[in-house]
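**Q** Just so it is clear, I am handing over data-v8.txt, which has compact mmCIF, C-alpha atoms and all ligand atoms.
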# COMPACT_ATOMS: atom_id res chain seq x y z
CA MET P 524 8.02 -35.86 -8.09
CA ARG P 525 11.51 -34.95 -6.89
CA VAL P 526 11.05 -31.50 -8.35
CA ARG P 527 7.79 -31.07 -6.48
CA ARG P 528 9.38 -32.14 -3.24
CA LEU P 529 12.18 -29.71 -3.84
CA LEU P 530 9.76 -26.88 -4.54
CA HIS P 531 7.84 -27.73 -1.41
CA ARG P 532 11.01 -27.63 0.67
CA LEU P 533 12.00 -24.40 -0.99
CA ALA P 534 8.63 -22.87 -0.22
CA ARG P 535 9.02 -23.82 3.43
CA LEU P 536 12.52 -22.42 3.53
CA CYS P 537 11.25 -19.23 1.95
CA ALA P 538 8.63 -18.90 4.67
CA VAL P 539 11.29 -19.37 7.33
CA THR P 540 13.55 -16.86 5.64
CA ALA P 541 10.75 -14.35 5.59
CA ALA P 542 10.08 -14.83 9.26
CA GLY P 543 13.68 -14.47 10.26
CA SER P 544 16.57 -12.67 8.67
CA ALA P 545 17.09 -12.91 4.93
CA VAL P 546 19.81 -15.11 3.54
CA ALA P 547 20.56 -13.55 0.20
CA ALA P 548 21.30 -16.70 -1.79
CA LEU P 549 18.21 -18.46 -0.57
CA ALA P 550 16.05 -15.40 -0.99
CA ALA P 551 17.13 -15.23 -4.63
CA ALA P 552 15.66 -18.69 -5.14
CA CYS P 553 12.35 -17.72 -3.57
CA THR P 554 10.76 -16.46 -6.75
CA PRO P 555 7.08 -17.21 -6.88
CA HIS P 556 7.16 -18.17 -10.59
CA ASP P 557 7.61 -21.87 -9.88
CA SER P 558 3.88 -22.30 -9.65
CA GLY P 559 3.15 -20.44 -12.90
CA LYS P 560 1.59 -17.63 -10.90
CA ILE P 561 2.54 -14.07 -10.26
CA THR P 562 2.50 -12.98 -6.63
CA ILE P 563 1.40 -9.47 -5.79
CA GLY P 564 1.65 -7.76 -2.41
CA VAL P 565 -1.38 -5.64 -1.46
CA LYS P 566 -3.12 -4.36 1.64
CA PHE P 567 -6.09 -6.40 2.88
CA ASP P 568 -7.78 -3.77 5.04
CA GLN P 569 -7.96 -0.46 3.21
CA PRO P 570 -11.48 0.06 1.79
CA GLY P 571 -11.54 1.82 -1.58
CA LEU P 572 -7.89 0.93 -2.19
CA SER P 573 -7.45 -2.69 -1.35
CA VAL P 574 -9.67 -4.80 0.83
CA LYS P 575 -10.14 -8.52 1.30
CA ARG P 576 -13.86 -9.17 1.57
CA PRO P 577 -15.40 -11.86 3.80
CA ASP P 578 -15.81 -14.13 0.75
CA GLY P 579 -12.05 -13.91 0.14
CA THR P 580 -12.22 -11.76 -2.99
CA LEU P 581 -10.20 -8.57 -3.24
CA GLY P 582 -11.32 -5.17 -4.48
CA GLY P 583 -10.21 -1.55 -4.63
CA PHE P 584 -8.20 0.86 -6.76
CA ASP P 585 -4.83 -0.70 -5.97
CA VAL P 586 -6.24 -4.15 -6.71
CA ASP P 587 -7.60 -2.93 -10.06
CA VAL P 588 -4.19 -1.46 -10.93
CA ALA P 589 -2.43 -4.65 -9.79
CA ARG P 590 -4.78 -6.85 -11.86
CA TYR P 591 -4.49 -4.67 -14.94
CA VAL P 592 -0.68 -4.76 -14.76
CA ALA P 593 -0.70 -8.54 -14.24
CA GLY P 594 -2.91 -8.91 -17.30
CA ARG P 595 -0.46 -6.93 -19.42
CA LEU P 596 2.36 -9.10 -18.10
CA GLY P 597 0.47 -12.18 -19.29
CA TYR P 598 -1.16 -13.26 -16.02
CA PRO P 599 -4.96 -13.46 -16.06
CA ALA P 600 -6.83 -13.15 -12.74
CA GLU P 601 -6.74 -16.89 -11.99
CA ARG P 602 -2.93 -16.88 -12.13
CA ILE P 603 -2.51 -14.15 -9.53
CA ALA P 604 -1.55 -15.05 -5.96
CA TRP P 605 -2.18 -12.26 -3.46
CA LEU P 606 -0.07 -11.75 -0.37
CA GLU P 607 -0.80 -9.25 2.38
CA ALA P 608 1.83 -6.51 2.42
CA PRO P 609 1.48 -4.39 5.59
CA SER P 610 3.34 -1.06 5.51
CA GLY P 611 6.25 -2.25 7.61
CA GLN P 612 6.90 -5.38 5.53
CA ARG P 613 6.86 -4.17 1.93
CA GLU P 614 10.61 -3.78 1.39
CA MET P 615 11.28 -7.12 3.06
CA LEU P 616 8.71 -8.97 0.93
CA LEU P 617 10.34 -7.58 -2.22
CA ARG P 618 13.89 -8.21 -1.11
CA ASN P 619 13.11 -11.79 -0.08
CA GLY P 620 11.48 -12.42 -3.44
CA GLN P 621 8.19 -13.40 -1.81
CA VAL P 622 6.26 -11.07 -4.10
CA ASP P 623 6.91 -9.99 -7.68
CA TYR P 624 5.55 -6.53 -7.11
CA VAL P 625 3.76 -4.47 -4.48
CA VAL P 626 0.73 -2.25 -5.10
CA ALA P 627 -0.07 -1.09 -1.58
CA THR P 628 -0.46 2.69 -1.18
CA TYR P 629 3.33 2.60 -1.39
CA SER P 630 4.92 6.06 -1.56
CA ILE P 631 8.06 6.51 -3.62
CA THR P 632 10.71 7.90 -1.25
CA ASP P 633 14.48 8.30 -1.37
CA SER P 634 15.05 6.05 1.61
CA ARG P 635 12.92 3.26 0.12
CA LEU P 636 14.74 3.67 -3.21
CA GLU P 637 17.88 2.49 -1.44
CA LYS P 638 16.24 -0.90 -0.99
CA VAL P 639 13.68 -1.33 -3.77
CA ASP P 640 12.72 0.23 -7.10
CA PHE P 641 9.40 1.70 -8.17
CA ALA P 642 7.36 1.83 -11.35
CA GLY P 643 4.92 4.72 -11.61
CA PRO P 644 3.77 6.88 -9.97
CA TYR P 645 0.16 5.90 -10.69
CA LEU P 646 -1.67 7.99 -8.04
CA LEU P 647 -1.06 11.09 -5.92
CA ALA P 648 -2.26 11.40 -2.34
CA GLY P 649 -1.42 13.50 0.70
CA GLN P 650 -1.23 13.04 4.44
CA SER P 651 -4.30 14.09 6.41
CA LEU P 652 -6.11 13.46 9.70
CA LEU P 653 -9.19 11.42 10.58
CA VAL P 654 -11.14 12.13 13.78
CA ARG P 655 -14.50 11.08 15.22
CA ALA P 656 -17.37 12.97 13.60
CA ASP P 657 -18.28 14.76 16.86
CA ASN P 658 -14.75 16.00 17.54
CA THR P 659 -14.35 19.77 17.56
CA ASP P 660 -10.88 20.42 18.99
CA ILE P 661 -8.70 18.76 16.35
CA THR P 662 -8.66 20.91 13.26
CA GLY P 663 -5.17 20.32 11.89
CA THR P 664 -1.65 19.31 12.82
CA ALA P 665 -1.18 22.25 15.24
CA SER P 666 -4.00 21.00 17.52
CA LEU P 667 -2.27 17.62 17.89
CA GLN P 668 0.52 19.11 19.97
CA ARG P 669 -1.90 19.46 22.90
CA HIS P 670 -1.37 15.92 24.25
CA LYS P 671 -3.52 14.29 21.63
CA LYS P 672 -3.05 10.60 20.93
CA LEU P 673 -2.40 10.04 17.28
CA CYS P 674 -2.31 6.65 15.58
CA SER P 675 -0.39 5.66 12.48
CA VAL P 676 1.33 2.56 11.15
CA SER P 677 4.88 1.26 11.64
CA GLY P 678 7.05 1.63 8.56
CA SER P 679 4.82 4.26 6.94
CA THR P 680 5.81 7.71 5.72
CA PRO P 681 3.05 9.47 7.75
CA ALA P 682 4.34 7.98 11.02
CA GLN P 683 7.88 9.03 10.15
CA ARG P 684 6.78 12.55 9.25
CA ILE P 685 4.97 13.00 12.57
CA LYS P 686 8.02 11.76 14.44
CA ASP P 687 10.34 14.13 12.54
CA ARG P 688 8.22 17.27 12.38
CA TYR P 689 5.78 17.10 15.30
CA PRO P 690 7.81 15.76 18.21
CA GLY P 691 5.23 16.97 20.77
CA VAL P 692 2.55 14.59 19.48
CA GLN P 693 1.89 11.31 21.27
CA LEU P 694 2.29 8.93 18.35
CA GLN P 695 1.12 5.35 18.67
CA ARG P 696 2.19 2.97 15.95
CA TYR P 697 -0.01 -0.01 15.08
CA ASP P 698 0.50 -2.64 12.38
CA THR P 699 -2.45 -1.62 10.22
CA TYR P 700 -4.66 1.41 9.66
CA SER P 701 -7.79 -0.64 10.31
CA ALA P 702 -6.48 -1.27 13.84
CA CYS P 703 -5.97 2.51 14.23
CA VAL P 704 -9.52 3.17 13.02
CA GLU P 705 -10.98 0.69 15.54
CA ALA P 706 -9.01 2.42 18.31
CA LEU P 707 -10.38 5.75 17.10
CA ARG P 708 -13.92 4.35 17.11
CA ASN P 709 -13.68 3.11 20.68
CA GLY P 710 -11.94 6.21 22.03
CA ALA P 711 -8.48 4.75 22.74
CA ILE P 712 -6.92 7.36 20.46
CA ASP P 713 -7.95 10.83 19.26
CA ALA P 714 -6.96 10.83 15.59
CA VAL P 715 -5.52 8.67 12.81
CA THR P 716 -3.05 9.98 10.29
CA THR P 717 -2.16 8.66 6.87
CA ASP P 718 -2.94 9.50 3.24
CA ASP P 719 -6.27 11.19 2.57
CA VAL P 720 -7.45 8.54 0.10
CA ILE P 721 -6.99 5.84 2.74
CA LEU P 722 -8.75 7.85 5.46
CA ALA P 723 -11.61 8.71 3.09
CA GLY P 724 -12.12 5.00 2.47
CA TYR P 725 -12.65 4.35 6.18
CA ALA P 726 -14.92 7.37 6.53
CA ALA P 727 -17.05 6.20 3.58
CA GLN P 728 -17.32 2.71 5.08
CA SER P 729 -18.80 4.00 8.36
CA PRO P 730 -21.08 6.90 7.39
CA GLY P 731 -21.48 9.45 10.17
CA ALA P 732 -18.73 8.00 12.38
CA PHE P 733 -15.61 9.86 11.22
CA LYS P 734 -14.46 12.95 9.33
CA LEU P 735 -11.26 14.17 7.68
CA VAL P 736 -9.91 17.47 9.02
CA GLY P 737 -7.28 19.99 7.95
CA GLU P 738 -5.32 20.32 4.75
CA ARG P 739 -3.18 17.71 3.05
CA PHE P 740 0.26 18.16 4.58
CA SER P 741 2.41 16.02 2.32
CA GLN P 742 2.62 14.83 -1.24
CA GLU P 743 2.61 11.04 -1.60
CA GLU P 744 3.34 9.55 -4.99
CA TYR P 745 2.17 5.94 -5.11
CA GLY P 746 4.51 3.64 -6.99
CA ILE P 747 4.54 -0.07 -7.72
CA GLY P 748 7.43 -1.59 -5.81
CA VAL P 749 9.72 -4.07 -7.53
CA ARG P 750 12.93 -5.74 -6.52
CA LYS P 751 15.96 -3.42 -6.67
CA GLY P 752 17.58 -3.60 -10.09
CA ASN P 753 14.72 -5.42 -11.83
CA ASP P 754 14.56 -2.85 -14.61
CA GLY P 755 12.94 -5.22 -17.09
CA LEU P 756 9.89 -5.69 -14.88
CA ARG P 757 9.84 -2.04 -13.88
CA HIS P 758 9.72 -0.93 -17.55
CA ARG P 759 6.97 -3.39 -18.39
CA ILE P 760 4.92 -2.21 -15.42
CA ASN P 761 5.43 1.41 -16.49
CA ASP P 762 4.13 0.47 -19.96
CA ALA P 763 1.11 -1.18 -18.38
CA ILE P 764 0.34 1.86 -16.19
CA GLU P 765 0.47 4.15 -19.22
CA GLN P 766 -1.76 1.79 -21.17
CA MET P 767 -4.26 1.72 -18.29
CA GLU P 768 -4.35 5.51 -18.27
CA ARG P 769 -4.73 5.71 -22.07
CA ASP P 770 -7.51 3.19 -22.52
CA GLY P 771 -9.81 4.64 -19.85
CA SER P 772 -9.37 1.81 -17.33
CA TRP P 773 -7.55 4.07 -14.86
CA ARG P 774 -10.39 6.56 -14.84
CA ALA P 775 -13.02 3.81 -14.56
CA ALA P 776 -11.15 2.29 -11.61
CA PHE P 777 -10.96 5.68 -9.90
CA VAL P 778 -14.70 6.31 -10.29
CA ASP P 779 -15.61 2.77 -9.17
CA ASN P 780 -13.50 2.84 -6.05
CA PHE P 781 -13.48 6.45 -4.89
CA GLY P 782 -16.94 7.50 -6.03
CA ALA P 783 -18.39 6.91 -2.56
CA ALA P 784 -15.61 8.95 -0.93
CA GLY P 785 -16.52 11.91 -3.13
CA PHE P 786 -13.17 12.59 -4.81
CA ALA P 787 -13.21 14.33 -8.20
CA VAL P 788 -11.33 12.32 -10.83
CA PRO P 789 -7.83 13.81 -11.13
CA ASP P 790 -5.43 13.54 -14.05
CA PRO P 791 -3.10 10.64 -13.43
CA PRO P 792 0.47 11.67 -12.61
CA PRO P 793 3.02 11.17 -15.40
CA VAL P 794 5.03 7.97 -15.11
CA ALA P 795 8.67 8.72 -14.24
CA ARG P 796 10.84 6.74 -16.63
N1 LIG P 801 1.73 6.14 1.44
C1 LIG P 801 2.28 6.00 2.75
C2 LIG P 801 3.38 4.98 2.82
O1 LIG P 801 3.76 4.44 1.84
C3 LIG P 801 1.20 5.67 3.77
C4 LIG P 801 0.31 4.55 3.40
C5 LIG P 801 0.78 3.21 3.84
O2 LIG P 801 1.36 3.07 4.93
O3 LIG P 801 0.53 2.25 3.09
O4 LIG P 801 3.93 4.72 3.84
Let me see whether you can do it: turn the structure in this file into structure tokens.
Ligand code: GLU
**A**
Amino acid sequence: MRVRRLLHRLARLCAVTAAGSAVAALAAACTPHDSGKITIGVKFDQPGLSVKRPDGTLGGFDVDVARYVAGRLGYPAERIAWLEAPSGQREMLLRNGQVDYVVATYSITDSRLEKVDFAGPYLLAGQSLLVRADNTDITGTASLQRHKKLCSVSGSTPAQRIKDRYPGVQLQRYDTYSACVEALRNGAIDAVTTDDVILAGYAAQSPGAFKLVGERFSQEEYGIGVRKGNDGLRHRINDAIEQMERDGSWRAAFVDNFGAAGFAVPDPPPVAR
């Protein structure tokens, strides 16, 4: 009983820590294993990749990868706890120990590697643009310089890239891509930018409403984020990714989740050990 009370208090403290600034010692105690579950950070609003449906179930390529990895780590579906991991919160969730790993369209970058580590990569994507289907004047990044309103998400690599390389663009940063897509639908903004696989998921969900334009203008390698220095977990996740690719599950997940978006099945990228 005392243990349960302690865990309860710890859980509350963890929530407070997450909301405010992290206290390292406390954060270290906030491992989700106390409940016998593994906690995975995913997006809740990215169709094709990771979406929480009205009935509360989750589906998408990232979710399939996350579940497969959990299974290899010894956690069947009923012992997985899912936590929403918006772009701007992924490093914090890992550093606070609120999630064991993050599978959330999470690009491996040098600046993120200063704070977290990555298994993978398990998928390649590239930055692109989504506009309304009837738009004719946005055809690529160059057309954005003409006072176009572009939406992306705080803490994401696409938003950072626009800021660094296209300073003339009016960039608006929202918390989620689904919020950007709603703003695109109702005319508040002119285009949304992020990875092509994400944009294709929104386009497939609303047939006839949107289209992708231009070429991919970055290379995004999706990794599975783990806490910095947790090499044991990182190696086991790498093993799981390779197993998923070998046994056909990776390909099946790709076809299941991106079939509607019309992507040809690529070769999976080699895992970087
Ligand atoms: N892959 C990019 C990133 O990690 C964009 C997608 C996202 O924000 O989740 O920032």
**Q** For a quick check of understanding, using all atoms listed in the file, which of P:Ala787, P:Leu652, P:Ala775, P:Ile760 has the smallest distance to Phe733 in chain P?
**A**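 Of P:Ala787, P:Leu652, P:Ala775, P:Ile760, the one nearest Phe733 in chain P, counting all atoms listed in the file, is P:Leu652.
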**Q** Check the smallest atom-to-atom distance from each of P:Tyr624, P:Tyr745, P:Phe584, P:Phe641 to ligand LIG 801 (chain P) using all atoms listed in the file, then report the winner.
**A**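 The answer is P:Tyr745, which sits nearest to ligand LIG 801 (chain P).
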**Q** Looking at all atoms listed in the file, which of P:Leu636, P:Met767, P:Ala648, P:Ala604 is the one that sits closest to ligand LIG 801 (chain P)?
**A**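 Among the listed residues, P:Ala648 lies closest to ligand LIG 801 (chain P).
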**Q** Compile the contact shell of Ser573 in chain P as a list in words: residues with an atom at most 8 Å away, counting all atoms listed in the file, same-chain residues fewer than 2 positions apart removed.
**A**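 In the requested format, the answer is Val565, Lys566, Phe567, Asp568, Gln569, Pro570, Gly571, Lys575, Leu581, Gly582, Gly583, Phe584, Asp585, Val586 and Ala627 of chain P.
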**Q** Per residue of chain P within 6 Å of ligand LIG 801 (chain P), record the nearest atom pair and its distance in Å to one decimal, counting only C-alpha atoms and all ligand atoms, with rows in chain order and ascending residue number, as JSON lines.
**A**
{"residue": "P:Ser610", "atom": "CA", "partner": "P:LIG801", "partner_atom": "O2", "distance": 4.6}
{"residue": "P:Ala627", "atom": "CA", "partner": "P:LIG801", "partner_atom": "O3", "distance": 5.8}
{"residue": "P:Thr628", "atom": "CA", "partner": "P:LIG801", "partner_atom": "O3", "distance": 4.4}
{"residue": "P:Tyr629", "atom": "CA", "partner": "P:LIG801", "partner_atom": "O1", "distance": 3.7}
{"residue": "P:Ser630", "atom": "CA", "partner": "P:LIG801", "partner_atom": "O1", "distance": 3.9}
{"residue": "P:Ser679", "atom": "CA", "partner": "P:LIG801", "partner_atom": "O4", "distance": 3.3}
{"residue": "P:Thr680", "atom": "CA", "partner": "P:LIG801", "partner_atom": "O4", "distance": 4.0}
{"residue": "P:Pro681", "atom": "CA", "partner": "P:LIG801", "partner_atom": "C3", "distance": 5.8}
{"residue": "P:Thr717", "atom": "CA", "partner": "P:LIG801", "partner_atom": "C3", "distance": 5.5}
{"residue": "P:Asp718", "atom": "CA", "partner": "P:LIG801", "partner_atom": "C3", "distance": 5.7}
{"residue": "P:Glu743", "atom": "CA", "partner": "P:LIG801", "partner_atom": "N1", "distance": 5.8}
**Q** Quick check, in Å to one decimal: how far apart do CA of Cys674 in chain P and CA of Ile747 in chain P lie?
**A**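 Calculated distance between CA of Cys674 in chain P and CA of Ile747 in chain P is 25.2 Å.
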**Q** May I ask for the distance between CA of Ala589 in chain P and CA of Val626 in chain P, given in Å to one decimal place?
**A**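 Distance between the two atoms: 6.1 Å.
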**Q** May I have the residues at most 12 Å from (-15.1, 4.0, -11.9) in the file's coordinates, counting all atoms listed in the file, as a PyMOL selection string?
**A** chain P and resi 571+583-584+587+771-783+785-788
**Q** Between P:Arg602, P:Arg595, P:Arg669, P:Lys560, which has the minimum distance to Asn761 in chain P (counting all atoms listed in the file)?
**A** P:Arg595
**Q** Can you tell me how far CA of Asp633 in chain P sits from CA of Arg590 in chain P, in Å to one decimal?
**A** 26.7 Å
**Q** Measuring between all atoms listed in the file, which one of P:Arg750, P:Lys671, P:Arg688, P:Arg739 shows the shortest distance to Asp713 in chain P?
**A**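 When distances to Asp713 in chain P are compared using all atoms listed in the file, the smallest one comes from P:Lys671.
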